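S.K.: Handing you this structure, nothing more for now.
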Amino acid sequence: MSTEPATRRRAPRSDAQANRERLLAAAAAEIKARGNHVPMAEIADRAGVGVGTLYRHFPTRERLLSALTARAFTLALRHARSAAELPGPAADAVGAFFAATIEHRDQLVLPLHGGPSDLDDEARQLRAEIRAVLGAILRRGRLDGSIRADVTPGDIIITGAQLAQPLATVANWDHQARRQARIYLAGLRPPRP
């Protein structure tokens with residue numbers, strides 16, 4: 001007889017985890033291209049799995065959107081933590097966060113592009129952690145003189161969202177977004193006396 005708690009869950013099989021990741025990647029691409037109401041069968045088709053597999057992982061559209069939101073927030077948190085660990089001025093860390101946001105913008109479709117406003121507990125926790133890490137970067141920047149006192153984590157998040165949302169009329173968005181990030185970073189510096 002086992003002494004382990006009955007509620008302990010097994011780790012998902014590797015093929016099930018791979019299917020889940022394919023579904024999330026396909027959903028991110030389809031939602032980015034066509035919006036939140038793309039048919040679930042088309043997401044399954046793009047992922048190369050049956051619609052039954054999609055519904056086993058995500059029984060409702062809301063569960064799929066929540067999973068995409070958590071996935072994107074997890075990625076944004078990883079970027080913020082990596083930026084926070086960089087040596088040098090804090091403004092450079094903000095620049096690294098923006099660069100990662102621009103580079104991975106296709107995976108950040110929901111939180112930065114109008115995802116569900118009713119976040120679940122996991123997403124709220126991830127969002128709070130992102131704000132905390134960015135807040136630590138900003139405090140460091142106030143101490144090292146590279147970031148002005150009135151900048152908030154929300155300012156960084158809003159700018160990141162704007163940099164991650166390509167404009168249809170701009171031919172080379174990544175180039176333009178990097179240029180806009182440099183302009184914004186110059187504006188982070190405290191005014192000279």
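Each chain in the structure tokens gets a letter, A, B and so on, in the order shown; residues start at 1 in every chain, and ligands are counted from 1 in the order they appear.
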So that each row is one residue of segment 11-114 of chain A with an atom at most 8 Å from segment 172-187 of chain A, can you give its shortest atom pair and the distance in Å to one decimal, using only C-alpha atoms, rows by chain and rising number, as JSON lines?
M.R.:
```
{"residue": "A:Ala91", "atom": "CA", "partner": "A:Leu185", "partner_atom": "CA", "distance": 6.7}
{"residue": "A:Val94", "atom": "CA", "partner": "A:Leu185", "partner_atom": "CA", "distance": 7.7}
{"residue": "A:Gly95", "atom": "CA", "partner": "A:Leu185", "partner_atom": "CA", "distance": 6.8}
{"residue": "A:Phe98", "atom": "CA", "partner": "A:Ala181", "partner_atom": "CA", "distance": 6.8}
{"residue": "A:Ala99", "atom": "CA", "partner": "A:Arg178", "partner_atom": "CA", "distance": 7.1}
{"residue": "A:Ile102", "atom": "CA", "partner": "A:Asp174", "partner_atom": "CA", "distance": 6.7}
{"residue": "A:Glu103", "atom": "CA", "partner": "A:Asp174", "partner_atom": "CA", "distance": 7.8}
```
S.K.: Run DSSP on the backbone of this structure and report the residues of segment 32-173 of chain A it assigns to helix (DSSP H, G or I), as a PyMOL selection string.
M.R.: chain A and resi 32-34+40-47+51-57+61-84+90-103+105-107+109-112+121-144+153-164+173
S.K.: Excluding Val109 of chain A and residues on its chain fewer than 3 positions from it, collect all residues at most 12 Å away from it, counting only C-alpha atoms, and give them as a PyMOL selection string.
M.R.: chain A and resi 24-36+65-73+75-76+101-102+104-106+112-116+161-162+164-166
S.K.: Suppose we keep C-alpha atoms; can you now write the selection as a PDB file, in the first residue's frame?
M.R.:
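Contents of the output file result-v9.pdb:
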```
ATOM      1  CA  LEU A  24      -0.509  26.862 -27.350  1.00  0.00           C
ATOM      2  CA  ALA A  25       1.887  27.903 -30.134  1.00  0.00           C
ATOM      3  CA  ALA A  26      -0.823  27.354 -32.755  1.00  0.00           C
ATOM      4  CA  ALA A  27      -3.379  29.247 -30.679  1.00  0.00           C
ATOM      5  CA  ALA A  28      -0.980  32.164 -30.216  1.00  0.00           C
ATOM      6  CA  ALA A  29      -0.393  32.368 -33.978  1.00  0.00           C
ATOM      7  CA  GLU A  30      -4.062  32.006 -34.927  1.00  0.00           C
ATOM      8  CA  ILE A  31      -5.289  34.486 -32.317  1.00  0.00           C
ATOM      9  CA  LYS A  32      -2.626  36.986 -33.328  1.00  0.00           C
ATOM     10  CA  ALA A  33      -3.681  36.678 -36.962  1.00  0.00           C
ATOM     11  CA  ARG A  34      -7.459  36.356 -36.549  1.00  0.00           C
ATOM     12  CA  GLY A  35      -8.510  37.363 -33.050  1.00  0.00           C
ATOM     13  CA  ASN A  36      -9.773  35.571 -29.935  1.00  0.00           C
ATOM     14  CA  LEU A  65      -7.087  31.858 -23.296  1.00  0.00           C
ATOM     15  CA  SER A  66      -6.115  31.562 -19.617  1.00  0.00           C
ATOM     16  CA  ALA A  67      -3.329  29.121 -20.507  1.00  0.00           C
ATOM     17  CA  LEU A  68      -2.061  31.463 -23.234  1.00  0.00           C
ATOM     18  CA  THR A  69      -2.122  34.370 -20.801  1.00  0.00           C
ATOM     19  CA  ALA A  70      -0.190  32.414 -18.163  1.00  0.00           C
ATOM     20  CA  ARG A  71       2.295  31.246 -20.809  1.00  0.00           C
ATOM     21  CA  ALA A  72       2.909  34.803 -21.986  1.00  0.00           C
ATOM     22  CA  PHE A  73       3.185  36.203 -18.453  1.00  0.00           C
ATOM     23  CA  LEU A  75       7.764  34.439 -20.625  1.00  0.00           C
ATOM     24  CA  ALA A  76       7.565  38.145 -19.699  1.00  0.00           C
ATOM     25  CA  THR A 101       9.706  41.770 -25.615  1.00  0.00           C
ATOM     26  CA  ILE A 102      10.223  42.798 -29.241  1.00  0.00           C
ATOM     27  CA  HIS A 104       9.265  37.333 -28.588  1.00  0.00           C
ATOM     28  CA  ARG A 105       6.260  39.509 -29.391  1.00  0.00           C
ATOM     29  CA  ASP A 106       4.490  36.716 -31.273  1.00  0.00           C
ATOM     30  CA  LEU A 112       0.037  42.680 -24.310  1.00  0.00           C
ATOM     31  CA  HIS A 113      -2.692  42.723 -26.935  1.00  0.00           C
ATOM     32  CA  GLY A 114      -5.988  42.789 -25.111  1.00  0.00           C
ATOM     33  CA  GLY A 115      -6.205  39.394 -23.471  1.00  0.00           C
ATOM     34  CA  PRO A 116      -8.903  38.383 -21.012  1.00  0.00           C
ATOM     35  CA  ALA A 161       2.965  46.370 -24.964  1.00  0.00           C
ATOM     36  CA  GLN A 162       3.244  49.116 -27.554  1.00  0.00           C
ATOM     37  CA  ALA A 164       5.138  44.298 -29.143  1.00  0.00           C
ATOM     38  CA  GLN A 165       2.144  45.408 -31.236  1.00  0.00           C
ATOM     39  CA  PRO A 166       3.204  45.934 -34.863  1.00  0.00           C
TER      40      PRO A 166
END
```
S.K.: I'd like the interatomic distance between atom CA of Glu122 of chain A and atom CA of Arg56 of chain A, to a tenth of an Å.
M.R.: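 Straight-line distance from atom CA of Glu122 of chain A to atom CA of Arg56 of chain A works out to 20.2 Å.
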